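Novice: One structure follows; several queries about it will come next.
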2 protein chains.
Amino acid sequence: MNDLNESQQLPDYQGLACPLPLPHNEQIVLGHGSGGKMTHDLIRRVFQKYLSSPALLAGNDFARLALPELPESQGKLIVSTDSHVVFPLFFPGGDIGRLAVAGTVNDVAVSGATPLYLTASFILEEGFPVALLEQILASMQKTAEEAGVTFVAGDTKVVERGKMDGVFINTTGFGWLPSDCDIHGANAQPGDLVLISGTMGDHGMAILTARGDLGIQSPIQSDVAPLNQLIKQLLKAAPHTHVLRDPTRGGVATTLNEIASQSQVGILLDEMALPVNPAVRSMCEMLGFDPLYVANEGKILAIVPESEAHTALEALREHPHGAQAQIIGKVIAENPGKVLMRTVIGSTRIVESLSGEILPRIC
Amino acid sequence: MNDLNESQQLPDYQGLACPLPLPHNEQIVLGHGSGGKMTHDLIRRVFQKYLSSPALLAGNDFARLALPELPESQGKLIVSTDSHVVFPLFFPGGDIGRLAVAGTVNDVAVSGATPLYLTASFILEEGFPVALLEQILASMQKTAEEAGVTFVAGDTKVVERGKMDGVFINTTGFGWLPSDCDIHGANAQPGDLVLISGTMGDHGMAILTARGDLGIQSPIQSDVAPLNQLIKQLLKAAPHTHVLRDPTRGGVATTLNEIASQSQVGILLDEMALPVNPAVRSMCEMLGFDPLYVANEGKILAIVPESEAHTALEALREHPHGAQAQIIGKVIAENPGKVLMRTVIGSTRIVESLSGEILPRIC
């Protein structure tokens with residue numbers, strides 16, 4: 001029928017109108033969804049070749065946009081989008097609905113903006129129980145109320161049974177940024193301190209437990225939560241905060257590497273100061289994971305001038321989502337683009353970005 | 001293991017943390033994604049129970065939003081979202097990339113707004129060829145250039161092989177609406193005329209051909225195209241246009257029923273005036289479809305005061321995407337909420353919304 005060798009035979013989703021043969025054999029692998037090096041490589045090599053703009057190239061989790069005919073002194077529109085394919089749909093501490101709302105609210109909030117509006121778009125598998133959909137929607141409603149955001153537009157598509165896995169949810173969030181706020185990934189300055197709002201890796205380990213594959217029981221709950229109120233409290237205490245980000249896919253290590261690279265600074269972590277829930281620590285040790293690379297869905301990293309760092313820490317600790325906040329490191333001029341860690345035994349090592357995939361469909 | 005009967009056994013996507021047993025056995029069916037009566041019923045009974053706001057209840061394809069601290073005299077933000085699961089990915093006249101851009105641009109443009117920005121979120125199946133992804137991205141880039149919109153935020157997730165079908169794309173679009181523009185579905189007035197920008201059903205029949213299941217060859221091309229330039233030209237000629245909408249899922253019949261219901265007016269169509277491509281007409285006759293219910297992706301319906309209808313028609317016909325535009329009916333005070341049609345043989349019949357599903361994964 002055609003000249004393709006077996007590895008090039010395409011499934012029937014392609015359609016007869018697709019140009020053939022394909023110029024190369026590279027395939028998408030799970031690591032392309034990890035949020036780590038492979039994701040960044042795919043974005044740089046493939047996506048940016050076609051879809052590019054100053055907002056996309058800035059490399060933040062949000063876009064900061066001027067609106068026509070509005071002077072920038074009135075503020076900017078903040079936008080962020082995420083599709084959620086977490087498996088399983090329900091896990092200790094949350095579900096895909098809570099995750100879809102909190103994830104996008106947090107990506108808007110780390111710009112310093114007030115999240116206002118969400119869109120929600122559902123792809124449903126034929127045969128999916130409507131009662132389960134209702135539980136997911138109820139969770140979205142509750143989380144949106146918690147965050148103070150409103151759903152303004154939606155969409156529903158249905159795919160044949162067996163052609164997808166239950167439900168996927170896209171949320172896109174909109175917020176409004178006052179003109180005097182300038183928080184973004186390229187803004188870290190030598191001398192700043194690095195804060196985290198609580199323990200690392202809870203979400204990833206809760207998902208792994210929920211899958212049940214490993215026959216492991218654990219008390220670990222996902223930390224999934226909307227953080228805009230926590231961030232508001234933080235910014236009141238530390239109005240000159242330079243960078244905020246939520247360390248989701250790829251964990252704290254990958255997120256800090258992104259910031260180090262965007263800001264062209266070094267970041268030096270203190271291993272002793274890194275907060276980890278004991279149950280997460282022992283599960284990670286058993287399975288060979290490093291909590292620095294495990295996803296969080298209810299934590300922020302804040303990079304704050306030293307003069308405001310201690311009031312920032314107090315403000316975080318006053319909020320239930322920030323009770324275990326810590327100062328975990330500092331920004332340095334040396335080693336620009338790199339994250340280093342002073343280890344428990346006193347040596348210093350480089351902390352790389354996540355390279356492959358440790359846990360697919362974490363969010 | 002548990003008390004569920006066989007029909008209640010859930011696939012393993014549910015997760016151990018899901019509350020059981022479920023209160024009822026209703027399942028999602030393909031018709032819930034049709035865009036017709038079953039979709040509206042699911043939205044009303046299930047989605048609106050949890051996610052609701054004035055913008056969602058307005059029932060337009062877009063949300064019209066005020067921004068804080070900006071007086072409404074400066075304009076409003078327009079937002080629309082759509083997830084695209086079209087099968088196959090490539091079809092005569094287009095592909096999922098062109099569809100994802102044009103579909104969302106059109107949903108923003110029918111508010112009267114200028115579409116400005118898009119977000120794009122990809123869910124990819126493990127094993128998907130990167131070269132095919134590049135073809136889809138190139139098509140998105142080309143269509144975005146045609147529409148004059150910029151991509152500002154993105155996301156990529158990867159799902160295990162066999163757990164989804166190739167690629168799904170969410171696009172969320174936003175634009176800015178001048179404060180003097182008030183085009184929406186509840187705005188049709190008795191005496192207005194109803195225009196369509198060209199032939200009905202081309203997209204749906206192109207997709208059906210592309211699937212190849214029926215062994216049918218046809219010259220039918222999808223009409224998928226961004227229509228914001230066409231709409232701009234129309235609004236210049238007919239600045240008092242009352243309603244604009246793109247008749248996608250559910251076709252012209254379903255879209256006009258929505259407008260009749262939102263505006264509480266009757267709509268009387270003239271069957272003789274309805275433009276249908278001869279190849280689409282014969283394929284529909286052969287397969288028992290009515291072109292009134294078949295999806296379009298490059299057409300608009302415009303409801304315009306009679307005084308501006310003829311200049312509107314000329315403006316549409318001057319644009320390549322509107323060359324076959326027609327006046328197809330009028331808005332009447334009688335039969336509020338209903339669409340009627342004067343048939344070729346002179347009788348009048350009711351034109352209902354699409355009830356079930358005629359062609360899943362059309363967009």
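Residues are named by chain letter and number: chains run A, B, ... in the order of the structure tokens, numbers start at 1 in each chain, and ligands are numbered from 1 in the order shown.
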Could you please tell me, as a PyMOL selection string, which residues of chain B have an atom within 6 Å of chain A when using only C-alpha atoms?
Specialist: chain B and resi 13-15+17-18+26-30+33+50+55-56+63+82+88-92+126-130+137-138+141+152-153+155+157-158+163-165
Novice: Suppose we keep C-alpha atoms; can you now write the selection as a CSV table (one decimal), in the first residue's frame?
Specialist:
chain,number,residue,atom,x,y,z
B,13,TYR,CA,-9.8,5.4,36.5
B,14,GLN,CA,-12.0,6.1,39.5
B,15,GLY,CA,-9.4,5.8,42.2
B,17,ALA,CA,-10.7,7.7,47.3
B,18,CYS,CA,-14.0,8.0,45.3
B,26,GLU,CA,-26.8,7.2,34.2
B,27,GLN,CA,-23.8,7.2,31.8
B,28,ILE,CA,-22.4,9.7,29.4
B,29,VAL,CA,-23.4,8.8,25.8
B,30,LEU,CA,-22.1,10.1,22.5
B,33,GLY,CA,-21.4,15.7,22.9
B,50,TYR,CA,-22.5,23.1,40.2
B,55,ALA,CA,-22.0,34.6,31.8
B,56,LEU,CA,-22.7,30.8,31.6
B,63,ALA,CA,-18.5,35.2,28.0
B,82,ASP,CA,-13.3,24.7,23.2
B,88,PRO,CA,-9.5,11.9,11.9
B,89,LEU,CA,-6.9,14.5,12.6
B,90,PHE,CA,-6.5,15.4,8.9
B,91,PHE,CA,-9.4,15.8,6.5
B,92,PRO,CA,-10.1,17.4,3.1
B,126,GLU,CA,2.5,8.3,24.0
B,127,GLY,CA,3.9,7.1,20.6
B,128,PHE,CA,2.3,10.0,18.6
B,129,PRO,CA,4.7,10.9,15.8
B,130,VAL,CA,6.4,14.3,16.4
B,137,LEU,CA,1.4,23.1,14.7
B,138,ALA,CA,2.3,24.5,11.3
B,141,GLN,CA,0.5,28.9,13.0
B,152,VAL,CA,0.2,33.6,24.6
B,153,ALA,CA,0.1,30.5,26.9
B,155,ASP,CA,0.4,23.4,28.1
B,157,LYS,CA,0.3,16.6,28.8
B,158,VAL,CA,1.1,13.0,27.7
B,163,LYS,CA,-5.4,5.6,26.9
B,164,MET,CA,-6.4,8.2,24.3
B,165,ASP,CA,-6.6,8.7,20.6
Novice: Would you please extract all alpha helix (DSSP H) residues from range 115-253 of chain A, as assigned by DSSP on the backbone, and give them as a ChimeraX atom specification?
Specialist: /A:130-147,202-211,228-237,251-253
Novice: Would you mind exporting the chosen residues as a CSV table (one decimal), in the first residue's frame, restricted to N, CA and C atoms?
Specialist:
chain,number,residue,atom,x,y,z
A,130,VAL,N,-22.4,9.5,35.1
A,130,VAL,CA,-22.8,10.9,35.3
A,130,VAL,C,-22.7,11.2,36.8
A,131,ALA,N,-22.9,10.3,37.7
A,131,ALA,CA,-22.8,10.5,39.1
A,131,ALA,C,-21.3,10.9,39.5
A,132,LEU,N,-20.4,10.2,38.8
A,132,LEU,CA,-19.0,10.6,39.1
A,132,LEU,C,-18.7,12.0,38.6
A,133,LEU,N,-19.2,12.3,37.4
A,133,LEU,CA,-19.1,13.7,36.9
A,133,LEU,C,-19.6,14.7,37.9
A,134,GLU,N,-20.7,14.4,38.5
A,134,GLU,CA,-21.3,15.3,39.4
A,134,GLU,C,-20.4,15.5,40.6
A,135,GLN,N,-19.8,14.4,41.1
A,135,GLN,CA,-18.8,14.5,42.2
A,135,GLN,C,-17.7,15.4,41.9
A,136,ILE,N,-17.2,15.3,40.6
A,136,ILE,CA,-16.1,16.1,40.2
A,136,ILE,C,-16.5,17.6,40.1
A,137,LEU,N,-17.7,17.8,39.5
A,137,LEU,CA,-18.2,19.2,39.4
A,137,LEU,C,-18.4,19.8,40.8
A,138,ALA,N,-19.0,19.0,41.7
A,138,ALA,CA,-19.2,19.6,43.1
A,138,ALA,C,-17.8,20.0,43.7
A,139,SER,N,-16.8,19.2,43.4
A,139,SER,CA,-15.5,19.5,43.9
A,139,SER,C,-14.9,20.8,43.3
A,140,MET,N,-15.2,20.9,42.0
A,140,MET,CA,-14.8,22.2,41.3
A,140,MET,C,-15.5,23.4,41.9
A,141,GLN,N,-16.8,23.2,42.1
A,141,GLN,CA,-17.6,24.3,42.7
A,141,GLN,C,-17.0,24.8,44.0
A,142,LYS,N,-16.7,23.8,44.9
A,142,LYS,CA,-16.2,24.0,46.2
A,142,LYS,C,-14.9,24.7,46.2
A,143,THR,N,-14.0,24.2,45.3
A,143,THR,CA,-12.6,24.8,45.2
A,143,THR,C,-12.7,26.2,44.6
A,144,ALA,N,-13.6,26.4,43.6
A,144,ALA,CA,-13.7,27.8,43.1
A,144,ALA,C,-14.2,28.8,44.1
A,145,GLU,N,-15.1,28.3,45.0
A,145,GLU,CA,-15.6,29.2,46.0
A,145,GLU,C,-14.5,29.5,47.0
A,146,GLU,N,-13.7,28.5,47.3
A,146,GLU,CA,-12.5,28.7,48.2
A,146,GLU,C,-11.6,29.8,47.6
A,147,ALA,N,-11.4,29.7,46.3
A,147,ALA,CA,-10.5,30.6,45.6
A,147,ALA,C,-11.1,32.0,45.3
A,202,ASP,N,4.1,15.9,48.6
A,202,ASP,CA,2.9,15.2,49.1
A,202,ASP,C,2.0,14.8,48.0
A,203,HIS,N,1.8,15.7,47.0
A,203,HIS,CA,0.9,15.4,45.9
A,203,HIS,C,1.3,14.1,45.1
A,204,GLY,N,2.6,14.1,44.7
A,204,GLY,CA,3.1,13.0,43.9
A,204,GLY,C,2.9,11.7,44.7
A,205,MET,N,3.3,11.7,45.9
A,205,MET,CA,3.2,10.4,46.7
A,205,MET,C,1.8,10.0,47.0
A,206,ALA,N,0.9,11.0,47.1
A,206,ALA,CA,-0.5,10.6,47.3
A,206,ALA,C,-1.1,9.9,46.1
A,207,ILE,N,-0.7,10.5,44.9
A,207,ILE,CA,-1.2,9.9,43.6
A,207,ILE,C,-0.6,8.4,43.5
A,208,LEU,N,0.6,8.3,43.8
A,208,LEU,CA,1.3,6.9,43.7
A,208,LEU,C,0.5,6.0,44.6
A,209,THR,N,0.2,6.4,45.8
A,209,THR,CA,-0.5,5.5,46.8
A,209,THR,C,-1.9,5.2,46.2
A,210,ALA,N,-2.5,6.2,45.7
A,210,ALA,CA,-3.9,6.0,45.2
A,210,ALA,C,-4.0,5.0,44.0
A,211,ARG,N,-2.9,4.9,43.3
A,211,ARG,CA,-2.9,4.0,42.1
A,211,ARG,C,-3.0,2.5,42.6
A,228,ASN,N,-4.2,31.4,46.3
A,228,ASN,CA,-4.3,32.8,46.1
A,228,ASN,C,-4.4,33.6,47.4
A,229,GLN,N,-5.1,33.1,48.4
A,229,GLN,CA,-5.3,33.8,49.6
A,229,GLN,C,-3.9,33.8,50.4
A,230,LEU,N,-3.2,32.7,50.3
A,230,LEU,CA,-1.9,32.6,51.0
A,230,LEU,C,-1.0,33.6,50.3
A,231,ILE,N,-1.0,33.7,49.0
A,231,ILE,CA,-0.1,34.6,48.2
A,231,ILE,C,-0.5,36.0,48.5
A,232,LYS,N,-1.7,36.3,48.6
A,232,LYS,CA,-2.2,37.7,49.0
A,232,LYS,C,-1.6,38.1,50.3
A,233,GLN,N,-1.7,37.2,51.3
A,233,GLN,CA,-1.1,37.5,52.6
A,233,GLN,C,0.4,37.7,52.6
A,234,LEU,N,1.1,36.8,51.8
A,234,LEU,CA,2.5,36.9,51.6
A,234,LEU,C,2.9,38.3,51.0
A,235,LEU,N,2.2,38.7,50.0
A,235,LEU,CA,2.5,39.9,49.3
A,235,LEU,C,2.3,41.2,50.1
A,236,LYS,N,1.3,41.0,51.0
A,236,LYS,CA,1.1,42.2,51.9
A,236,LYS,C,2.3,42.3,52.9
A,237,ALA,N,2.8,41.2,53.3
A,237,ALA,CA,4.0,41.2,54.2
A,237,ALA,C,5.3,41.5,53.5
A,251,GLY,N,8.8,19.1,40.3
A,251,GLY,CA,9.1,19.4,41.7
A,251,GLY,C,9.9,20.7,41.9
A,252,VAL,N,10.3,20.8,43.2
A,252,VAL,CA,11.1,22.0,43.6
A,252,VAL,C,12.4,22.2,42.8
A,253,ALA,N,13.1,21.1,42.6
A,253,ALA,CA,14.4,21.1,41.9
A,253,ALA,C,14.2,21.7,40.5
Novice: Would you list, as a compact mmCIF listing (two decimals) with N, CA and C atoms, in the first residue's frame, the residues of range 101-306 of chain A that end up in strand (DSSP E) under DSSP run on this structure's backbone?
Specialist:
# COMPACT_ATOMS: atom_id res chain seq x y z
N THR A 114 -4.81 38.99 40.95
CA THR A 114 -5.99 38.41 41.59
C THR A 114 -6.70 37.55 40.56
N PRO A 115 -6.80 36.21 40.78
CA PRO A 115 -7.55 35.37 39.84
C PRO A 115 -9.03 35.72 39.90
N LEU A 116 -9.66 35.85 38.74
CA LEU A 116 -11.07 36.27 38.68
C LEU A 116 -11.96 35.23 38.03
N TYR A 117 -11.57 34.77 36.86
CA TYR A 117 -12.47 33.97 36.03
C TYR A 117 -11.78 32.69 35.58
N LEU A 118 -12.58 31.63 35.42
CA LEU A 118 -12.08 30.37 34.86
C LEU A 118 -12.99 29.91 33.73
N THR A 119 -12.40 29.31 32.70
CA THR A 119 -13.18 28.50 31.76
C THR A 119 -12.92 27.04 32.09
N ALA A 120 -13.88 26.17 31.75
CA ALA A 120 -13.72 24.74 32.02
C ALA A 120 -14.19 23.97 30.80
N SER A 121 -13.33 23.12 30.27
CA SER A 121 -13.67 22.35 29.08
C SER A 121 -13.44 20.87 29.38
N PHE A 122 -14.48 20.07 29.14
CA PHE A 122 -14.47 18.67 29.53
C PHE A 122 -14.40 17.76 28.30
N ILE A 123 -13.52 16.78 28.34
CA ILE A 123 -13.57 15.70 27.36
C ILE A 123 -13.96 14.44 28.14
N LEU A 124 -15.11 13.85 27.77
CA LEU A 124 -15.67 12.73 28.53
C LEU A 124 -15.67 11.47 27.68
N GLU A 125 -15.42 10.33 28.32
CA GLU A 125 -15.49 9.05 27.63
C GLU A 125 -16.94 8.55 27.66
N THR A 150 -14.90 32.64 39.45
CA THR A 150 -16.18 32.34 38.82
C THR A 150 -15.94 31.63 37.48
N PHE A 151 -16.75 30.62 37.19
CA PHE A 151 -16.69 29.97 35.87
C PHE A 151 -17.49 30.81 34.88
N VAL A 152 -16.89 31.13 33.76
CA VAL A 152 -17.55 32.02 32.81
C VAL A 152 -17.80 31.39 31.44
N ALA A 153 -17.11 30.31 31.10
CA ALA A 153 -17.35 29.67 29.80
C ALA A 153 -16.98 28.21 29.92
N GLY A 154 -17.65 27.37 29.12
CA GLY A 154 -17.40 25.93 29.20
C GLY A 154 -17.59 25.26 27.87
N ASP A 155 -17.22 23.97 27.84
CA ASP A 155 -17.37 23.17 26.62
C ASP A 155 -17.37 21.71 27.04
N THR A 156 -18.12 20.88 26.31
CA THR A 156 -18.13 19.44 26.58
C THR A 156 -18.01 18.68 25.27
N LYS A 157 -17.06 17.76 25.22
CA LYS A 157 -16.94 16.84 24.09
C LYS A 157 -17.03 15.42 24.62
N VAL A 158 -17.53 14.51 23.78
CA VAL A 158 -17.60 13.10 24.18
C VAL A 158 -16.84 12.27 23.14
N VAL A 159 -16.03 11.33 23.62
CA VAL A 159 -15.21 10.46 22.77
C VAL A 159 -15.67 9.02 22.99
N VAL A 167 -12.16 11.08 32.07
CA VAL A 167 -12.41 12.51 31.86
C VAL A 167 -11.10 13.28 31.90
N PHE A 168 -10.95 14.19 30.96
CA PHE A 168 -9.84 15.16 30.95
C PHE A 168 -10.48 16.54 31.08
N ILE A 169 -9.87 17.42 31.85
CA ILE A 169 -10.44 18.76 32.07
C ILE A 169 -9.41 19.83 31.77
N ASN A 170 -9.75 20.74 30.86
CA ASN A 170 -8.93 21.94 30.69
C ASN A 170 -9.54 23.09 31.46
N THR A 171 -8.70 23.79 32.20
CA THR A 171 -9.13 25.06 32.79
C THR A 171 -8.19 26.15 32.31
N THR A 172 -8.77 27.28 31.95
CA THR A 172 -7.98 28.46 31.61
C THR A 172 -8.43 29.56 32.55
N GLY A 173 -7.48 30.26 33.14
CA GLY A 173 -7.79 31.24 34.17
C GLY A 173 -7.36 32.63 33.78
N PHE A 174 -8.13 33.61 34.25
CA PHE A 174 -7.88 35.02 33.95
C PHE A 174 -7.82 35.80 35.25
N GLY A 175 -6.88 36.73 35.31
CA GLY A 175 -6.79 37.60 36.47
C GLY A 175 -6.34 38.98 36.06
N TRP A 176 -6.35 39.88 37.00
CA TRP A 176 -6.00 41.26 36.72
C TRP A 176 -4.85 41.67 37.60
N LEU A 177 -3.81 42.23 36.98
CA LEU A 177 -2.56 42.55 37.68
C LEU A 177 -2.42 44.07 37.80
N LEU A 193 16.36 35.71 49.46
CA LEU A 193 16.20 34.40 50.10
C LEU A 193 15.08 33.62 49.41
N VAL A 194 15.19 32.27 49.51
CA VAL A 194 14.22 31.38 48.87
C VAL A 194 13.36 30.74 49.94
N LEU A 195 12.04 30.91 49.83
CA LEU A 195 11.11 30.33 50.81
C LEU A 195 10.24 29.29 50.13
N ILE A 196 9.86 28.27 50.90
CA ILE A 196 8.82 27.34 50.44
C ILE A 196 7.71 27.36 51.48
N VAL A 243 9.98 36.77 42.86
CA VAL A 243 9.50 35.63 42.06
C VAL A 243 8.57 34.79 42.93
N LEU A 244 7.49 34.32 42.31
CA LEU A 244 6.63 33.31 42.95
C LEU A 244 6.43 32.20 41.93
N ARG A 245 6.41 30.97 42.38
CA ARG A 245 6.05 29.89 41.46
C ARG A 245 5.57 28.69 42.24
N GLY A 266 22.55 32.06 40.41
CA GLY A 266 22.66 30.76 41.06
C GLY A 266 21.69 30.69 42.22
N ILE A 267 21.30 29.47 42.59
CA ILE A 267 20.46 29.29 43.78
C ILE A 267 21.14 28.24 44.65
N LEU A 268 21.37 28.58 45.90
CA LEU A 268 22.04 27.66 46.82
C LEU A 268 21.04 27.21 47.88
N LEU A 269 20.72 25.91 47.87
CA LEU A 269 19.75 25.36 48.83
C LEU A 269 20.48 24.80 50.05
N ASP A 270 19.78 24.78 51.16
CA ASP A 270 20.30 24.17 52.38
C ASP A 270 19.50 22.90 52.64
N LEU A 301 6.90 28.50 45.97
CA LEU A 301 8.25 28.97 46.19
C LEU A 301 8.21 30.48 46.05
N ALA A 302 8.83 31.20 46.99
CA ALA A 302 8.87 32.66 46.92
C ALA A 302 10.32 33.10 47.02
N ILE A 303 10.71 33.99 46.15
CA ILE A 303 12.06 34.56 46.20
C ILE A 303 11.91 36.03 46.55
N VAL A 304 12.47 36.36 47.72
CA VAL A 304 12.11 37.60 48.41
C VAL A 304 13.41 38.31 48.83
Novice: Neighbours of range 275-279 of chain A within 8 Å (only C-alpha atoms; same-chain residues fewer than 2 positions away dropped), as a PyMOL selection string?
Specialist: chain A and resi 198-202+218-220+273+281-283+291+324-326
Novice: Those same residues, written as a PDB file, in the first residue's frame with C-alpha atoms?
Specialist:
ATOM      1  CA  GLY A 198       5.461  23.791  53.257  1.00  0.00           C
ATOM      2  CA  THR A 199       6.514  20.179  52.750  1.00  0.00           C
ATOM      3  CA  MET A 200       7.652  18.781  49.399  1.00  0.00           C
ATOM      4  CA  GLY A 201       6.265  15.860  47.395  1.00  0.00           C
ATOM      5  CA  ASP A 202       2.916  15.249  49.100  1.00  0.00           C
ATOM      6  CA  SER A 218       0.110   5.301  53.362  1.00  0.00           C
ATOM      7  CA  PRO A 219      -1.431   8.185  55.275  1.00  0.00           C
ATOM      8  CA  ILE A 220      -0.166  10.678  52.661  1.00  0.00           C
ATOM      9  CA  ALA A 273      16.069  23.242  55.829  1.00  0.00           C
ATOM     10  CA  ARG A 281      10.320  10.807  53.129  1.00  0.00           C
ATOM     11  CA  SER A 282      10.092   7.128  53.987  1.00  0.00           C
ATOM     12  CA  MET A 283       8.000   6.281  50.913  1.00  0.00           C
ATOM     13  CA  PRO A 291      11.243  14.593  47.190  1.00  0.00           C
ATOM     14  CA  GLN A 324       5.271  24.498  57.660  1.00  0.00           C
ATOM     15  CA  ALA A 325       6.924  27.233  55.596  1.00  0.00           C
ATOM     16  CA  GLN A 326      10.733  27.433  55.641  1.00  0.00           C
TER      17      GLN A 326
END
